[in-house]
Amino acid sequence: MVGCLRRWLRSVPDSDCDLRFEKSVLTGLDLLFLEVNNLEESLLFYQERLGFEIVSHNPAAEPPIATVGAGSLRITLVQQLETMLKRGRGVHFVLGVSNVDEFHQKLTANGTAVTDPGDEGWGGRFVSLQDPDGYRLFFVTWETNAVDC
């Protein structure tokens, strides 16, 4: 996916996008958010097969949600039964940026369709957009005392 994003960014003319040259804007891939058909089955797989620890688990939430972790990697699993029917659905990439409001201004200035910055209570301020294939990309500036999802 990262290779596809790089190719897509390279295809954008220089005059349309000056973000690709600002390497300090992106701070890393912070969280993987996966939609799954069966939360309990996925938890067993990540824990028993791959050795992840369960960081949080809320089967009563709507939708049911859990986070597993290994080292600094966190993967949030959310049970969504109907979304796997369309390409670009089911995987959400959360990428860190140094200042989400400034990043939003740059995106809108170059004509990129992006959501307004928002705080959703999961530890960061974010914007989101879709890549050409429909994959949802979230760009977030984490709160200093952010709580794991």
# chains A, B, ... in the order shown; residues from 1 in each chain; ligands from 1
>>> select_by_dssp(residues="range 45-139 of chain A", states="alpha helix (DSSP H)", output="ChimeraX atom specification")
/A:100-109
>>> residues_around(residues="Thr141 in chain A", least_positions_apart="3", cutoff="8 Å", atoms="only C-alpha atoms", output="JSON, numbers by chain")
{"A": [96, 97, 98, 99, 100, 124, 125, 126]}
>>> select_by_dssp(residues="range 20-124 of chain A", states="strand (DSSP E)", output="PyMOL selection string")
chain A and resi 26-36+53-58+65-70+73-79+91-97+118-119+124
>>> residues_around(residues="Phe139 in chain A", least_positions_apart="6", cutoff="12 Å", atoms="only C-alpha atoms", output="PyMOL selection string")
chain A and resi 25-31+92-104+107+114-119+124-130
>>> write_last_selection(atoms="C-alpha atoms", output="tab-separated table (two decimals), in the first residue's frame")
chain	number	residue	atom	x	y	z
A	25	VAL	CA	5.21	16.53	8.06
A	26	LEU	CA	4.55	12.78	8.40
A	27	THR	CA	5.71	11.29	11.67
A	28	GLY	CA	4.90	7.63	11.07
A	29	LEU	CA	2.31	4.89	10.76
A	30	ASP	CA	0.78	4.96	14.23
A	31	LEU	CA	-2.11	2.51	14.24
A	92	HIS	CA	-7.95	2.34	7.80
A	93	PHE	CA	-4.41	3.72	7.85
A	94	VAL	CA	-3.66	6.19	10.64
A	95	LEU	CA	-0.59	8.32	9.88
A	96	GLY	CA	0.92	10.77	12.33
A	97	VAL	CA	1.50	14.39	11.35
A	98	SER	CA	3.17	17.14	13.36
A	99	ASN	CA	0.18	19.54	13.13
A	100	VAL	CA	-3.09	18.25	11.69
A	101	ASP	CA	-4.63	21.73	11.29
A	102	GLU	CA	-1.70	22.98	9.19
A	103	PHE	CA	-1.73	19.74	7.22
A	104	HIS	CA	-5.46	20.21	6.55
A	107	LEU	CA	-4.49	19.69	1.59
A	114	VAL	CA	-10.48	16.03	3.03
A	115	THR	CA	-12.67	16.10	6.13
A	116	ASP	CA	-12.50	19.00	8.56
A	117	PRO	CA	-10.19	18.48	11.56
A	118	GLY	CA	-11.97	16.74	14.41
A	119	ASP	CA	-11.46	15.39	17.91
A	124	GLY	CA	-5.96	12.65	18.77
A	125	ARG	CA	-7.12	15.34	16.39
A	126	PHE	CA	-7.48	14.06	12.84
A	127	VAL	CA	-8.55	14.54	9.24
A	128	SER	CA	-9.31	11.81	6.73
A	129	LEU	CA	-9.43	11.31	3.00
A	130	GLN	CA	-9.64	8.49	0.50
>>> residues_around(residues="range 52-59 of chain A", least_positions_apart="3", cutoff="9 Å", atoms="only C-alpha atoms", output="list of chain:residue names")
A:Leu39, A:Glu40, A:Leu43, A:Phe45, A:Tyr46, A:Gln47, A:Glu48, A:Arg49, A:Glu62, A:Pro63, A:Pro64, A:Ile65, A:Ala66, A:Thr67, A:Val68, A:Gly69, A:Ala70, A:Gly71, A:Arg74, A:Thr76, A:Asp148, A:Cys149
>>> write_last_selection(atoms="C-alpha atoms", output="PDB file, in the first residue's frame")
ATOM      1  CA  LEU A  39     -14.073 -10.018  16.575  1.00  0.00           C
ATOM      2  CA  GLU A  40     -13.618 -13.000  18.910  1.00  0.00           C
ATOM      3  CA  LEU A  43      -8.664 -11.836  18.758  1.00  0.00           C
ATOM      4  CA  PHE A  45      -5.837 -15.471  15.907  1.00  0.00           C
ATOM      5  CA  TYR A  46      -3.778 -12.386  16.821  1.00  0.00           C
ATOM      6  CA  GLN A  47      -3.235 -13.538  20.406  1.00  0.00           C
ATOM      7  CA  GLU A  48      -2.713 -17.276  20.007  1.00  0.00           C
ATOM      8  CA  ARG A  49      -1.250 -17.494  16.493  1.00  0.00           C
ATOM      9  CA  GLU A  62     -21.412  -0.808  18.901  1.00  0.00           C
ATOM     10  CA  PRO A  63     -19.576  -1.940  16.890  1.00  0.00           C
ATOM     11  CA  PRO A  64     -17.611  -4.465  19.000  1.00  0.00           C
ATOM     12  CA  ILE A  65     -13.968  -3.328  19.231  1.00  0.00           C
ATOM     13  CA  ALA A  66     -10.616  -4.527  20.605  1.00  0.00           C
ATOM     14  CA  THR A  67      -6.972  -3.495  20.349  1.00  0.00           C
ATOM     15  CA  VAL A  68      -4.037  -5.897  20.249  1.00  0.00           C
ATOM     16  CA  GLY A  69      -0.413  -4.948  20.558  1.00  0.00           C
ATOM     17  CA  ALA A  70       3.092  -6.224  19.988  1.00  0.00           C
ATOM     18  CA  GLY A  71       5.977  -3.927  20.862  1.00  0.00           C
ATOM     19  CA  ARG A  74      -1.180  -1.480  17.898  1.00  0.00           C
ATOM     20  CA  THR A  76      -7.525  -2.090  16.489  1.00  0.00           C
ATOM     21  CA  ASP A 148      -4.741   3.571  23.688  1.00  0.00           C
ATOM     22  CA  CYS A 149      -7.877   2.786  21.700  1.00  0.00           C
TER      23      CYS A 149
END
>>> atom_distance(atom1="CA of Gln105 in chain A", atom2="CA of Gly121 in chain A")
22.1 Å
>>> atom_distance(atom1="CA of Thr108 in chain A", atom2="CA of Leu32 in chain A")
25.0 Å
>>> atom_distance(atom1="CA of Trp122 in chain A", atom2="CA of Trp142 in chain A")
9.1 Å
>>> decode(residues="range 49-94 of chain A", atoms="C-alpha atoms", output="mmCIF file, in the first residue's frame")
data_model
loop_
_atom_site.group_PDB
_atom_site.id
_atom_site.type_symbol
_atom_site.label_atom_id
_atom_site.label_comp_id
_atom_site.auth_asym_id
_atom_site.auth_seq_id
_atom_site.Cartn_x
_atom_site.Cartn_y
_atom_site.Cartn_z
ATOM 1 C CA ARG A 49 -1.250 -17.494 16.493
ATOM 2 C CA LEU A 50 0.793 -14.299 16.337
ATOM 3 C CA GLY A 51 1.589 -13.646 20.005
ATOM 4 C CA PHE A 52 -0.090 -10.245 20.332
ATOM 5 C CA GLU A 53 -1.351 -9.105 23.726
ATOM 6 C CA ILE A 54 -4.904 -7.870 24.158
ATOM 7 C CA VAL A 55 -4.612 -4.193 25.077
ATOM 8 C CA SER A 56 -8.350 -3.492 25.247
ATOM 9 C CA HIS A 57 -11.515 -5.454 24.492
ATOM 10 C CA ASN A 58 -15.062 -4.111 24.390
ATOM 11 C CA PRO A 59 -17.421 -6.705 22.849
ATOM 12 C CA ALA A 60 -20.483 -4.753 24.078
ATOM 13 C CA ALA A 61 -19.544 -1.624 22.093
ATOM 14 C CA GLU A 62 -21.412 -0.808 18.901
ATOM 15 C CA PRO A 63 -19.576 -1.940 16.890
ATOM 16 C CA PRO A 64 -17.611 -4.465 19.000
ATOM 17 C CA ILE A 65 -13.968 -3.328 19.231
ATOM 18 C CA ALA A 66 -10.616 -4.527 20.605
ATOM 19 C CA THR A 67 -6.972 -3.495 20.349
ATOM 20 C CA VAL A 68 -4.037 -5.897 20.249
ATOM 21 C CA GLY A 69 -0.413 -4.948 20.558
ATOM 22 C CA ALA A 70 3.092 -6.224 19.988
ATOM 23 C CA GLY A 71 5.977 -3.927 20.862
ATOM 24 C CA SER A 72 4.973 -0.433 19.759
ATOM 25 C CA LEU A 73 2.534 -1.732 17.112
ATOM 26 C CA ARG A 74 -1.180 -1.480 17.898
ATOM 27 C CA ILE A 75 -3.922 -2.986 15.755
ATOM 28 C CA THR A 76 -7.525 -2.090 16.489
ATOM 29 C CA LEU A 77 -10.052 -4.696 15.370
ATOM 30 C CA VAL A 78 -13.663 -3.657 14.778
ATOM 31 C CA GLN A 79 -16.425 -6.083 13.874
ATOM 32 C CA GLN A 80 -18.110 -4.870 10.678
ATOM 33 C CA LEU A 81 -19.955 -7.529 8.718
ATOM 34 C CA GLU A 82 -21.122 -5.660 5.631
ATOM 35 C CA THR A 83 -18.108 -3.565 4.613
ATOM 36 C CA MET A 84 -15.893 -6.191 2.991
ATOM 37 C CA LEU A 85 -17.990 -6.166 -0.183
ATOM 38 C CA LYS A 86 -16.276 -3.150 -1.778
ATOM 39 C CA ARG A 87 -12.612 -2.534 -2.561
ATOM 40 C CA GLY A 88 -11.002 0.017 -0.281
ATOM 41 C CA ARG A 89 -13.183 -0.882 2.679
ATOM 42 C CA GLY A 90 -12.063 -2.614 5.839
ATOM 43 C CA VAL A 91 -8.604 -1.119 6.343
ATOM 44 C CA HIS A 92 -7.947 2.340 7.795
ATOM 45 C CA PHE A 93 -4.407 3.725 7.848
ATOM 46 C CA VAL A 94 -3.658 6.195 10.640
#
